[in-house]
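Listing of target.cif, mmCIF, C-alpha atoms and all ligand atoms
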```cif
data_my_file
loop_
_atom_site.label_atom_id
_atom_site.label_comp_id
_atom_site.auth_asym_id
_atom_site.auth_seq_id
_atom_site.Cartn_x
_atom_site.Cartn_y
_atom_site.Cartn_z
CA ARG A 203 62.18 113.99 111.16
CA ALA A 204 60.49 114.25 107.75
CA LYS A 205 62.49 117.38 107.03
CA ALA A 206 65.76 115.70 107.91
CA HIS A 207 64.78 112.75 105.76
CA GLY A 208 63.94 114.98 102.81
CA ARG A 209 67.35 116.58 103.00
CA GLY A 210 69.04 113.30 103.81
CA ARG A 211 71.61 113.62 101.08
CA TYR A 212 73.12 116.72 102.57
CA CYS A 213 72.63 115.77 106.19
CA TYR A 214 75.79 115.61 108.29
CA PHE A 215 74.36 113.03 110.64
CA GLU A 216 73.37 110.46 108.12
CA PRO A 217 74.26 106.96 109.36
CA GLY A 218 77.32 105.60 107.66
CA MET A 219 78.90 109.05 107.42
CA ASP A 220 80.00 110.85 110.56
CA VAL A 221 77.68 109.46 113.17
CA LEU A 222 79.03 105.94 113.38
CA PRO A 223 82.75 106.76 113.71
CA GLN A 224 81.87 109.55 116.14
CA GLU A 225 79.66 107.32 118.22
CA ARG A 226 82.39 104.70 118.18
CA ARG A 227 84.94 107.24 119.41
CA ARG A 228 82.64 108.27 122.22
CA LEU A 229 82.06 104.65 123.17
CA GLU A 230 85.82 104.09 123.16
CA LEU A 231 86.48 107.12 125.38
CA ASP A 232 83.74 106.08 127.82
CA LEU A 233 84.99 102.50 127.86
CA ARG A 234 88.56 103.62 128.62
CA THR A 235 87.40 105.38 131.78
CA ALA A 236 84.91 102.70 132.88
CA LEU A 237 87.36 100.47 134.74
CA ALA A 238 88.86 103.24 136.89
CA ALA A 239 85.36 104.61 137.51
CA ASN A 240 84.26 101.22 138.82
CA GLN A 241 81.41 100.90 136.30
CA PHE A 242 81.68 97.17 135.67
CA GLU A 243 79.79 94.50 137.57
CA LEU A 244 79.69 90.73 137.26
CA TYR A 245 76.34 89.02 137.01
CA TYR A 246 76.14 85.29 137.66
CA GLN A 247 74.05 82.61 135.96
CA PRO A 248 73.67 79.18 137.61
CA ILE A 249 74.86 75.95 135.97
CA VAL A 250 72.85 72.93 137.06
CA ASP A 251 74.09 69.35 137.33
CA ILE A 252 71.04 67.62 135.77
CA GLU A 253 72.21 64.15 136.78
CA ARG A 254 72.17 65.04 140.48
CA ASP A 255 69.69 67.94 140.27
CA LEU A 256 71.97 70.42 142.04
CA VAL A 257 73.50 73.79 141.24
CA CYS A 258 77.18 73.07 140.58
CA GLY A 259 78.47 76.46 139.46
CA PHE A 260 77.88 79.94 138.11
CA GLU A 261 79.09 81.65 134.96
CA ALA A 262 80.37 85.20 135.46
CA LEU A 263 78.96 87.58 132.83
CA ILE A 264 80.15 91.17 132.71
CA ARG A 265 77.81 94.18 132.72
CA TRP A 266 78.70 97.82 132.21
CA HIS A 267 76.80 100.47 134.15
CA SER A 268 77.47 103.40 131.86
CA PRO A 269 76.29 106.79 133.21
CA GLN A 270 75.53 107.82 129.61
CA ARG A 271 74.02 104.58 128.30
CA GLY A 272 72.56 102.68 131.22
CA LEU A 273 73.18 98.95 131.58
CA VAL A 274 75.25 97.84 128.58
CA PRO A 275 75.37 94.13 127.62
CA PRO A 276 78.77 92.60 126.78
CA ALA A 277 77.92 92.15 123.08
CA ASP A 278 77.86 95.98 122.82
CA PHE A 279 81.34 96.62 124.22
CA ILE A 280 83.46 93.44 124.44
CA PRO A 281 84.22 93.41 120.67
CA LEU A 282 85.47 97.03 120.87
CA ALA A 283 87.43 96.25 124.05
CA GLU A 284 89.10 93.39 122.17
CA GLU A 285 89.88 95.59 119.20
CA ILE A 286 91.56 98.34 121.23
CA GLY A 287 93.34 95.95 123.60
CA LEU A 288 91.38 97.08 126.64
CA ILE A 289 90.13 93.52 127.10
CA VAL A 290 93.41 92.63 128.82
CA ASP A 291 92.75 95.03 131.73
CA ILE A 292 89.01 94.34 131.78
CA GLY A 293 89.71 90.60 131.67
CA ALA A 294 92.11 90.86 134.61
CA TRP A 295 89.43 92.73 136.58
CA VAL A 296 86.90 90.00 135.68
CA LEU A 297 89.25 87.22 136.83
CA HIS A 298 90.10 88.93 140.12
CA SER A 299 86.47 89.83 140.86
CA ALA A 300 85.05 86.42 139.94
CA CYS A 301 87.62 84.55 142.05
CA ARG A 302 87.13 86.89 145.00
CA GLU A 303 83.32 86.58 144.92
CA ALA A 304 83.35 82.81 144.34
CA ALA A 305 85.66 82.28 147.32
CA ALA A 306 82.70 83.26 149.53
CA TRP A 307 80.32 80.69 148.00
CA PRO A 308 79.76 77.12 149.23
CA GLU A 309 82.80 75.01 148.42
CA HIS A 310 81.10 72.70 145.92
CA ILE A 311 80.11 75.65 143.70
CA LYS A 312 82.48 76.52 140.84
CA VAL A 313 82.87 79.74 138.87
CA ALA A 314 83.24 79.95 135.08
CA VAL A 315 84.99 82.97 133.52
CA ASN A 316 84.94 83.92 129.83
CA VAL A 317 88.34 84.71 128.34
CA SER A 318 88.80 86.34 124.90
CA VAL A 319 91.27 85.30 122.23
CA ALA A 320 93.04 88.67 122.65
CA GLN A 321 93.88 87.76 126.26
CA PHE A 322 95.89 84.79 125.00
CA ARG A 323 98.54 86.93 123.28
CA GLY A 324 101.78 86.66 125.24
CA PHE A 325 101.89 84.85 128.57
CA GLY A 326 100.32 87.55 130.77
CA LEU A 327 97.09 85.60 131.18
CA VAL A 328 98.82 82.83 133.13
CA ASP A 329 100.24 85.35 135.62
CA THR A 330 96.90 87.11 135.90
CA VAL A 331 95.08 83.85 136.67
CA ARG A 332 97.76 82.82 139.14
CA SER A 333 97.51 86.12 141.00
CA ALA A 334 93.68 86.10 140.96
CA LEU A 335 93.75 82.65 142.58
CA ALA A 336 96.41 83.64 145.11
CA ALA A 337 94.73 86.92 146.09
CA SER A 338 91.29 85.32 146.53
CA GLY A 339 92.39 82.03 148.07
CA LEU A 340 89.99 80.26 145.69
CA ALA A 341 90.94 76.62 145.11
CA PRO A 342 92.07 76.33 141.45
CA THR A 343 89.75 73.32 141.03
CA ARG A 344 86.82 75.72 141.50
CA LEU A 345 87.79 77.88 138.49
CA GLU A 346 86.75 77.15 134.90
CA ILE A 347 88.06 79.19 131.98
CA GLU A 348 85.69 79.43 128.99
CA ILE A 349 87.14 80.01 125.53
CA THR A 350 85.48 79.93 122.11
CA GLU A 351 86.51 77.91 119.07
CA SER A 352 87.93 81.04 117.39
CA ILE A 353 90.94 80.62 119.66
CA MET A 354 91.99 77.51 117.76
CA ILE A 355 92.27 79.28 114.39
CA ASN A 356 95.62 81.09 114.69
CA ASP A 357 98.91 80.37 116.38
CA SER A 358 97.69 77.14 117.86
CA ALA A 359 101.15 76.16 119.20
CA HIS A 360 101.22 79.27 121.39
CA THR A 361 97.56 78.86 122.35
CA CYS A 362 98.14 75.25 123.34
CA ALA A 363 101.18 76.23 125.42
CA VAL A 364 99.12 78.81 127.34
CA LEU A 365 96.22 76.38 127.75
CA HIS A 366 98.57 73.76 129.17
CA GLN A 367 100.09 76.30 131.57
CA LEU A 368 96.62 77.27 132.73
CA LYS A 369 95.65 73.64 133.26
CA ALA A 370 98.88 73.11 135.20
CA LEU A 371 97.54 75.66 137.71
CA GLY A 372 94.81 73.13 138.49
CA LEU A 373 91.80 74.78 136.84
CA SER A 374 89.64 73.41 134.03
CA ILE A 375 89.07 74.61 130.47
CA SER A 376 85.71 74.72 128.69
CA MET A 377 84.94 75.10 124.99
CA ASP A 378 82.13 77.68 124.81
CA ASP A 379 79.46 78.08 122.08
CA PHE A 380 80.48 74.69 120.69
CA GLY A 381 79.51 74.12 117.07
CA THR A 382 79.23 77.76 115.98
CA GLY A 383 82.83 78.65 115.16
CA TYR A 384 85.86 76.88 113.80
CA SER A 385 84.78 74.16 111.40
CA SER A 386 87.30 71.54 112.47
CA LEU A 387 87.14 69.02 115.27
CA GLY A 388 90.88 68.29 115.03
CA TYR A 389 91.61 70.66 117.90
CA LEU A 390 89.83 68.30 120.26
CA ARG A 391 92.84 66.04 119.76
CA SER A 392 95.45 68.74 120.35
CA PHE A 393 94.06 69.88 123.69
CA PRO A 394 92.17 67.97 126.40
CA PHE A 395 89.15 70.19 127.07
CA ASP A 396 87.35 69.40 130.32
CA LYS A 397 83.97 70.65 129.16
CA ILE A 398 82.02 71.42 126.00
CA LYS A 399 79.20 73.95 126.17
CA ILE A 400 76.71 73.14 123.42
CA ASP A 401 75.58 76.41 121.86
CA ARG A 402 72.09 77.70 122.52
CA SER A 403 71.25 77.56 118.79
CA PHE A 404 71.31 73.74 118.96
CA ILE A 405 69.40 73.55 122.24
CA GLU A 406 66.62 75.82 120.97
CA GLY A 407 65.05 73.19 118.71
CA LEU A 408 65.64 70.15 120.93
CA GLY A 409 62.70 67.76 120.83
CA GLU A 410 61.17 69.60 117.87
CA ALA A 411 63.78 69.87 115.14
CA ALA A 412 65.37 66.64 113.91
CA ASP A 413 68.63 68.41 113.03
CA CYS A 414 69.04 69.81 116.57
CA ASN A 415 68.35 66.38 118.07
CA ALA A 416 70.93 64.80 115.77
CA ILE A 417 73.60 67.42 116.48
CA VAL A 418 73.15 67.25 120.25
CA GLN A 419 73.23 63.45 120.02
CA ALA A 420 76.49 63.61 118.07
CA VAL A 421 78.11 66.08 120.48
CA MET A 422 77.09 63.85 123.41
CA GLY A 423 78.79 60.95 121.61
CA ILE A 424 82.03 62.93 121.31
CA CYS A 425 81.86 63.99 124.97
CA ASP A 426 81.18 60.46 126.19
CA SER A 427 84.02 58.89 124.26
CA LEU A 428 86.54 61.63 125.09
CA GLY A 429 85.49 61.91 128.75
CA ILE A 430 84.38 65.53 128.41
CA ILE A 431 81.58 67.10 130.48
CA ALA A 432 78.69 68.37 128.32
CA THR A 433 76.78 71.50 129.30
CA ALA A 434 73.70 72.68 127.38
CA GLU A 435 73.46 76.48 127.00
CA GLY A 436 70.28 78.53 126.74
CA VAL A 437 67.86 76.01 128.23
CA GLU A 438 64.45 77.67 128.49
CA ASN A 439 61.92 74.88 129.07
CA GLN A 440 61.33 71.51 130.72
CA GLU A 441 60.97 69.70 127.40
CA GLN A 442 64.60 70.55 126.63
CA ILE A 443 65.66 69.22 130.04
CA ALA A 444 63.80 65.95 129.39
CA GLN A 445 65.54 65.63 126.02
CA LEU A 446 68.94 66.43 127.55
CA LYS A 447 68.46 63.95 130.39
CA SER A 448 67.45 61.21 127.94
CA ARG A 449 70.75 61.83 126.11
CA ASN A 450 72.75 61.75 129.36
CA CYS A 451 73.83 65.39 129.09
CA HIS A 452 75.58 66.33 132.34
CA GLN A 453 74.77 69.99 132.93
CA ALA A 454 72.35 72.69 131.84
CA GLN A 455 72.26 76.48 132.00
CA GLY A 456 69.59 78.91 130.89
CA TYR A 457 66.67 81.18 131.66
CA LEU A 458 64.65 78.12 132.79
CA TYR A 459 66.69 78.20 136.00
CA SER A 460 67.70 81.85 136.16
CA LYS A 461 68.85 84.80 134.13
CA PRO A 462 72.27 86.17 135.10
CA ARG A 463 71.86 88.05 138.40
CA PRO A 464 74.04 90.20 140.72
CA SER A 465 76.37 88.34 143.11
CA SER A 466 74.23 89.26 146.13
CA GLU A 467 71.58 86.81 144.83
CA VAL A 468 73.84 83.79 144.37
CA ASN A 469 72.98 82.07 147.65
CA CYS A 470 69.21 82.56 147.16
CA ILE A 471 69.46 81.14 143.63
CA ILE A 472 71.27 78.04 144.89
CA ASP A 473 68.60 77.43 147.55
CA ARG A 474 65.69 78.04 145.18
CA ILE A 475 66.95 75.79 142.39
CA ASP A 476 68.14 72.98 144.66
CA LEU A 477 64.62 72.88 146.13
CA GLN A 478 62.79 73.38 142.83
CA VAL A 479 64.53 70.77 140.68
CA ARG A 480 63.80 68.08 143.28
CA HIS A 481 60.06 68.47 142.65
P1 LIG B 1 78.41 83.26 126.57
O1 LIG B 1 79.65 83.05 127.32
O2 LIG B 1 78.02 82.19 125.61
O3 LIG B 1 77.28 83.49 127.68
C1 LIG B 1 75.95 83.06 127.55
C2 LIG B 1 75.05 84.20 127.09
O4 LIG B 1 73.76 83.67 126.83
C3 LIG B 1 74.85 85.27 128.16
O5 LIG B 1 74.65 86.51 127.50
C4 LIG B 1 73.56 84.84 128.83
O6 LIG B 1 72.87 85.88 129.47
C5 LIG B 1 72.80 84.31 127.65
N1 LIG B 1 71.81 83.31 128.05
C6 LIG B 1 71.90 82.40 129.04
N2 LIG B 1 70.82 81.63 129.11
C7 LIG B 1 69.99 82.03 128.12
C8 LIG B 1 68.69 81.59 127.68
O7 LIG B 1 68.09 80.67 128.24
N3 LIG B 1 68.16 82.24 126.62
C9 LIG B 1 68.80 83.26 125.99
N4 LIG B 1 68.19 83.85 124.95
N5 LIG B 1 70.02 83.69 126.38
C10 LIG B 1 70.62 83.08 127.43
P2 LIG B 1 75.45 87.83 127.92
O8 LIG B 1 75.58 87.90 129.42
O9 LIG B 1 74.81 88.96 127.21
O10 LIG B 1 76.90 87.57 127.36
C11 LIG B 1 77.10 87.46 125.97
C12 LIG B 1 78.52 87.04 125.67
O11 LIG B 1 79.45 88.05 126.03
C13 LIG B 1 78.96 85.79 126.40
O12 LIG B 1 78.46 84.63 125.75
C14 LIG B 1 80.47 85.92 126.30
O13 LIG B 1 80.93 85.46 125.06
C15 LIG B 1 80.67 87.42 126.37
N6 LIG B 1 81.07 87.81 127.73
C16 LIG B 1 80.31 87.99 128.82
N7 LIG B 1 81.07 88.32 129.90
C17 LIG B 1 82.35 88.32 129.48
C18 LIG B 1 83.62 88.56 130.13
O14 LIG B 1 83.72 88.82 131.34
N8 LIG B 1 84.74 88.48 129.34
C19 LIG B 1 84.67 88.16 128.01
N9 LIG B 1 85.81 88.10 127.32
N10 LIG B 1 83.51 87.91 127.38
C20 LIG B 1 82.36 87.99 128.10
MG MG B 2 80.51 81.60 128.31
MG MG B 3 78.30 80.31 125.56
MG MG B 4 76.54 81.35 123.53
#
```
Show this structure as structure tokens.
Amino acid sequence: RAKAHGRGRYCYFEPGMDVLPQERRRLELDLRTALAANQFELYYQPIVDIERDLVCGFEALIRWHSPQRGLVPPADFIPLAEEIGLIVDIGAWVLHSACREAAAWPEHIKVAVNVSVAQFRGFGLVDTVRSALAASGLAPTRLEIEITESIMINDSAHTCAVLHQLKALGLSISMDDFGTGYSSLGYLRSFPFDKIKIDRSFIEGLGEAADCNAIVQAVMGICDSLGIIATAEGVENQEQIAQLKSRNCHQAQGYLYSKPRPSSEVNCIIDRIDLQVRH
């Protein structure tokens, strides 16, 4: 290692030279074969109704079992999939799989699916969602689509048209990672979101940091007056739940209840949490 370092200037494999583009190419090639090779899996994280103390849904979160890399988290491949357009096919797989798996859950349990900005180009997403619902038999009212604020930046007329078509199918639309992206609240007037998910960065300091308390308070005010459900993301302790309950937040999600887990564990998670939060 010392030798390589000493000759760093002449080294072919110095980061920032050939290694990164090469590694990126390899990742891209592997990613392009992953869907056909059945290497993706959906994990599910429970969403808890903290007014009624019941599990009310699960968020589907994609994982990639790469033979070369092991279990790859979405942050390490979703941005590349978006860049090379592969997110459209991966996203269709996610929608079909999530709807099919959720159709087997108890009827009061919903499923939330993340959808990227790149999936909103054209009108293909509406057809994909329609066919995922039809093929699975899942009631549209049990499906929630999660989008981030970045979607509101460009081409908002087209985005709004697609959002309205999705809503017309009977599902609901959530604003994910609220407060971290687009610095305008005007879009809350142009589209009736059903749910706002307050980003983990604001939940982290709840009860301790005055700024987090104030921001969560303000978001709850917006949700209350616009009739939007508020979900707190990244809840890790009971103190945060106490703070959220005192502010009449509706739902919570985070490691406190469960990390994302394979679909085979969904029923056990429901039973465990429904028992646990009553005590
Ligand atoms: P997200 O939609 O905001 O999902 C929440 C992320 O926070 C998940 O990370 C989850 O594991 C993590 N998380 C949940 N509770 C806690 C907690 O208490 N503490 C901490 N530290 N983290 C918590 P994950 O699964 O790695 O997903 C990251 C992001 O990747 C997601 O953020 C979403 O934007 C994206 N993503 C995941 N699955 C898909 C998908 O199927 N399609 C698309 N387009 N994006 C996806
Ligand atoms: Mg999400
Ligand atoms: Mg989120
Ligand atoms: Mg987040």
>> Counting only C-alpha atoms, I want the residues whose atoms come within 6 Å of (84.1, 85.3, 137.3) in the file frame, returned as a PyMOL selection string.
In response: chain A and resi 262+296-297+300-301+313-315
>> Around ligand MG 3 (chain B), which protein and nucleic acid residues have at least one atom no more than 7 Å from it, if we count all atoms listed in the file? List them as an MDAnalysis selection string.
In response: chainID A and resid 378:379 399 401 435
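Between Leu390 in chain A and the candidates A:Leu458, A:Ile347, A:Leu428, A:Ala283, the tightest atom-to-atom separation, counting all atoms listed in the file, involves A:Leu428.
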> Which residues form the shell of 8 Å around ligand LIG 1 (chain B) when you count all atoms listed in the file, given as a PyMOL selection string?
Replying inline: chain A and resi 244-245+247+261-265+275-277+280+289+292-293+296-297+315-319+348+350+378-379+401-402+435-438+455-458+460-462
How about saving the chosen residues, C-alpha atoms kept, as an mmCIF file, in the coordinates of the input?
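Result went into out00.cif, see below:
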```
data_model
loop_
_atom_site.group_PDB
_atom_site.id
_atom_site.type_symbol
_atom_site.label_atom_id
_atom_site.label_comp_id
_atom_site.auth_asym_id
_atom_site.auth_seq_id
_atom_site.Cartn_x
_atom_site.Cartn_y
_atom_site.Cartn_z
ATOM 1 C CA LEU A 244 79.690 90.730 137.260
ATOM 2 C CA TYR A 245 76.340 89.020 137.010
ATOM 3 C CA GLN A 247 74.050 82.610 135.960
ATOM 4 C CA GLU A 261 79.090 81.650 134.960
ATOM 5 C CA ALA A 262 80.370 85.200 135.460
ATOM 6 C CA LEU A 263 78.960 87.580 132.830
ATOM 7 C CA ILE A 264 80.150 91.170 132.710
ATOM 8 C CA ARG A 265 77.810 94.180 132.720
ATOM 9 C CA PRO A 275 75.370 94.130 127.620
ATOM 10 C CA PRO A 276 78.770 92.600 126.780
ATOM 11 C CA ALA A 277 77.920 92.150 123.080
ATOM 12 C CA ILE A 280 83.460 93.440 124.440
ATOM 13 C CA ILE A 289 90.130 93.520 127.100
ATOM 14 C CA ILE A 292 89.010 94.340 131.780
ATOM 15 C CA GLY A 293 89.710 90.600 131.670
ATOM 16 C CA VAL A 296 86.900 90.000 135.680
ATOM 17 C CA LEU A 297 89.250 87.220 136.830
ATOM 18 C CA VAL A 315 84.990 82.970 133.520
ATOM 19 C CA ASN A 316 84.940 83.920 129.830
ATOM 20 C CA VAL A 317 88.340 84.710 128.340
ATOM 21 C CA SER A 318 88.800 86.340 124.900
ATOM 22 C CA VAL A 319 91.270 85.300 122.230
ATOM 23 C CA GLU A 348 85.690 79.430 128.990
ATOM 24 C CA THR A 350 85.480 79.930 122.110
ATOM 25 C CA ASP A 378 82.130 77.680 124.810
ATOM 26 C CA ASP A 379 79.460 78.080 122.080
ATOM 27 C CA ASP A 401 75.580 76.410 121.860
ATOM 28 C CA ARG A 402 72.090 77.700 122.520
ATOM 29 C CA GLU A 435 73.460 76.480 127.000
ATOM 30 C CA GLY A 436 70.280 78.530 126.740
ATOM 31 C CA VAL A 437 67.860 76.010 128.230
ATOM 32 C CA GLU A 438 64.450 77.670 128.490
ATOM 33 C CA GLN A 455 72.260 76.480 132.000
ATOM 34 C CA GLY A 456 69.590 78.910 130.890
ATOM 35 C CA TYR A 457 66.670 81.180 131.660
ATOM 36 C CA LEU A 458 64.650 78.120 132.790
ATOM 37 C CA SER A 460 67.700 81.850 136.160
ATOM 38 C CA LYS A 461 68.850 84.800 134.130
ATOM 39 C CA PRO A 462 72.270 86.170 135.100
#
```
> Which protein, DNA or RNA residues have an atom at most 12 Å from (99.7, 77.7, 124.2), counting only C-alpha atoms? List them as a list in words.
Replying inline: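 It turns out the residues near that spot are Val319, Gln321, Phe322, Arg323, Gly324, Phe325, Gly326, Leu327, Val328, Ile353, Met354, Asn356, Asp357, Ser358, Ala359, His360, Thr361, Cys362, Ala363, Val364, Leu365, His366, Gln367, Leu368, Lys369, Ala370, Ser392 and Phe393 of chain A.
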> Which value, in Å to one decimal, gives the distance between CA of Ala334 in chain A and CA of Trp295 in chain A?
Replying inline: 9.0 Å
> Any idea what's packed within 12 Å of Ile405 in chain A, counting only C-alpha atoms, ignoring anything in its chain fewer than 4 positions away? Could you give it as a ChimeraX atom specification?
Replying inline: /A:379-381,399-401,409-419,421,433-446,451,454-456
> Rounded to one decimal in Å, what is the spacing between CA of Ser448 in chain A and CA of Ile424 in chain A?
Replying inline: 16.1 Å
> Smallest atom-to-atom distance to ligand MG 2 (chain B): which of A:Gln224, A:Ser338, A:Ser299, A:Ser376, using only C-alpha atoms and all ligand atoms?
Replying inline: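 That would be A:Ser376, the residue with the smallest distance to ligand MG 2 (chain B).
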> Which residue gives the smallest distance to Asn469 in chain A among A:Phe242, A:Arg271, A:Arg228, A:Ile311, with all atoms listed in the file counted?
Replying inline: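 Of all the options, A:Ile311 lies closest to Asn469 in chain A.
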> Looking at only C-alpha atoms and all ligand atoms, which of A:Asp476, A:Glu285, A:Glu406, A:Glu467 is the one that sits closest to ligand MG 4 (chain B)?
Replying inline: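 For ligand MG 4 (chain B), the nearest of the given residues is A:Glu406.
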> In Å to one decimal, how far is CA of Tyr459 in chain A from CA of Met422 in chain A?
Replying inline: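 A separation of 21.7 Å between them.
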> Nearest to ligand MG 4 (chain B): which of A:Ile398, A:Leu256, A:Leu273, A:Ile286 is it, counting all atoms listed in the file?
Replying inline: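 Of A:Ile398, A:Leu256, A:Leu273, A:Ile286, the one nearest ligand MG 4 (chain B) is A:Ile398, counting all atoms listed in the file.
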>> Taking only C-alpha atoms and all ligand atoms into account, name the residue in A:Ala320, A:Val479, A:Ile349, A:Ala420 that is nearest to ligand MG 2 (chain B).
In response: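 Among the listed residues, A:Ile349 lies closest to ligand MG 2 (chain B).
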Please complete range 439-451 of chain A so it has N, CA, C and O atoms, and hand it over as a PDB file, in the frame of the given file.
```
ATOM      1  N   ASN A 439      63.127  75.600 128.649  1.00  0.00           N
ATOM      2  CA  ASN A 439      61.920  74.880 129.070  1.00  0.00           C
ATOM      3  C   ASN A 439      62.207  73.439 129.503  1.00  0.00           C
ATOM      4  O   ASN A 439      63.283  72.901 129.250  1.00  0.00           O
ATOM      5  N   GLN A 440      61.193  72.855 130.152  1.00  0.00           N
ATOM      6  CA  GLN A 440      61.330  71.510 130.720  1.00  0.00           C
ATOM      7  C   GLN A 440      61.485  70.432 129.652  1.00  0.00           C
ATOM      8  O   GLN A 440      62.139  69.427 129.871  1.00  0.00           O
ATOM      9  N   GLU A 441      60.848  70.658 128.483  1.00  0.00           N
ATOM     10  CA  GLU A 441      60.970  69.700 127.400  1.00  0.00           C
ATOM     11  C   GLU A 441      62.440  69.506 127.007  1.00  0.00           C
ATOM     12  O   GLU A 441      62.910  68.390 126.786  1.00  0.00           O
ATOM     13  N   GLN A 442      63.166  70.639 126.954  1.00  0.00           N
ATOM     14  CA  GLN A 442      64.600  70.550 126.630  1.00  0.00           C
ATOM     15  C   GLN A 442      65.356  69.765 127.689  1.00  0.00           C
ATOM     16  O   GLN A 442      66.232  68.956 127.355  1.00  0.00           O
ATOM     17  N   ILE A 443      64.994  69.973 128.958  1.00  0.00           N
ATOM     18  CA  ILE A 443      65.660  69.220 130.040  1.00  0.00           C
ATOM     19  C   ILE A 443      65.388  67.731 129.888  1.00  0.00           C
ATOM     20  O   ILE A 443      66.305  66.905 130.014  1.00  0.00           O
ATOM     21  N   ALA A 444      64.135  67.374 129.573  1.00  0.00           N
ATOM     22  CA  ALA A 444      63.800  65.950 129.390  1.00  0.00           C
ATOM     23  C   ALA A 444      64.635  65.353 128.268  1.00  0.00           C
ATOM     24  O   ALA A 444      65.201  64.264 128.405  1.00  0.00           O
ATOM     25  N   GLN A 445      64.737  66.098 127.155  1.00  0.00           N
ATOM     26  CA  GLN A 445      65.540  65.630 126.020  1.00  0.00           C
ATOM     27  C   GLN A 445      67.011  65.479 126.404  1.00  0.00           C
ATOM     28  O   GLN A 445      67.663  64.503 126.024  1.00  0.00           O
ATOM     29  N   LEU A 446      67.524  66.459 127.154  1.00  0.00           N
ATOM     30  CA  LEU A 446      68.940  66.430 127.550  1.00  0.00           C
ATOM     31  C   LEU A 446      69.213  65.269 128.495  1.00  0.00           C
ATOM     32  O   LEU A 446      70.214  64.566 128.373  1.00  0.00           O
ATOM     33  N   LYS A 447      68.279  65.059 129.440  1.00  0.00           N
ATOM     34  CA  LYS A 447      68.460  63.950 130.390  1.00  0.00           C
ATOM     35  C   LYS A 447      68.428  62.611 129.659  1.00  0.00           C
ATOM     36  O   LYS A 447      69.208  61.707 129.974  1.00  0.00           O
ATOM     37  N   SER A 448      67.550  62.481 128.660  1.00  0.00           N
ATOM     38  CA  SER A 448      67.450  61.210 127.940  1.00  0.00           C
ATOM     39  C   SER A 448      68.717  60.941 127.123  1.00  0.00           C
ATOM     40  O   SER A 448      69.001  59.809 126.752  1.00  0.00           O
ATOM     41  N   ARG A 449      69.486  62.009 126.830  1.00  0.00           N
ATOM     42  CA  ARG A 449      70.750  61.830 126.110  1.00  0.00           C
ATOM     43  C   ARG A 449      71.951  61.864 127.044  1.00  0.00           C
ATOM     44  O   ARG A 449      73.088  61.980 126.603  1.00  0.00           O
ATOM     45  N   ASN A 450      71.678  61.789 128.343  1.00  0.00           N
ATOM     46  CA  ASN A 450      72.750  61.750 129.360  1.00  0.00           C
ATOM     47  C   ASN A 450      73.653  62.976 129.357  1.00  0.00           C
ATOM     48  O   ASN A 450      74.838  62.882 129.667  1.00  0.00           O
ATOM     49  N   CYS A 451      73.084  64.131 128.976  1.00  0.00           N
ATOM     50  CA  CYS A 451      73.830  65.390 129.090  1.00  0.00           C
ATOM     51  C   CYS A 451      74.045  65.671 130.581  1.00  0.00           C
ATOM     52  O   CYS A 451      73.176  65.393 131.399  1.00  0.00           O
TER      53      CYS A 451
END
```
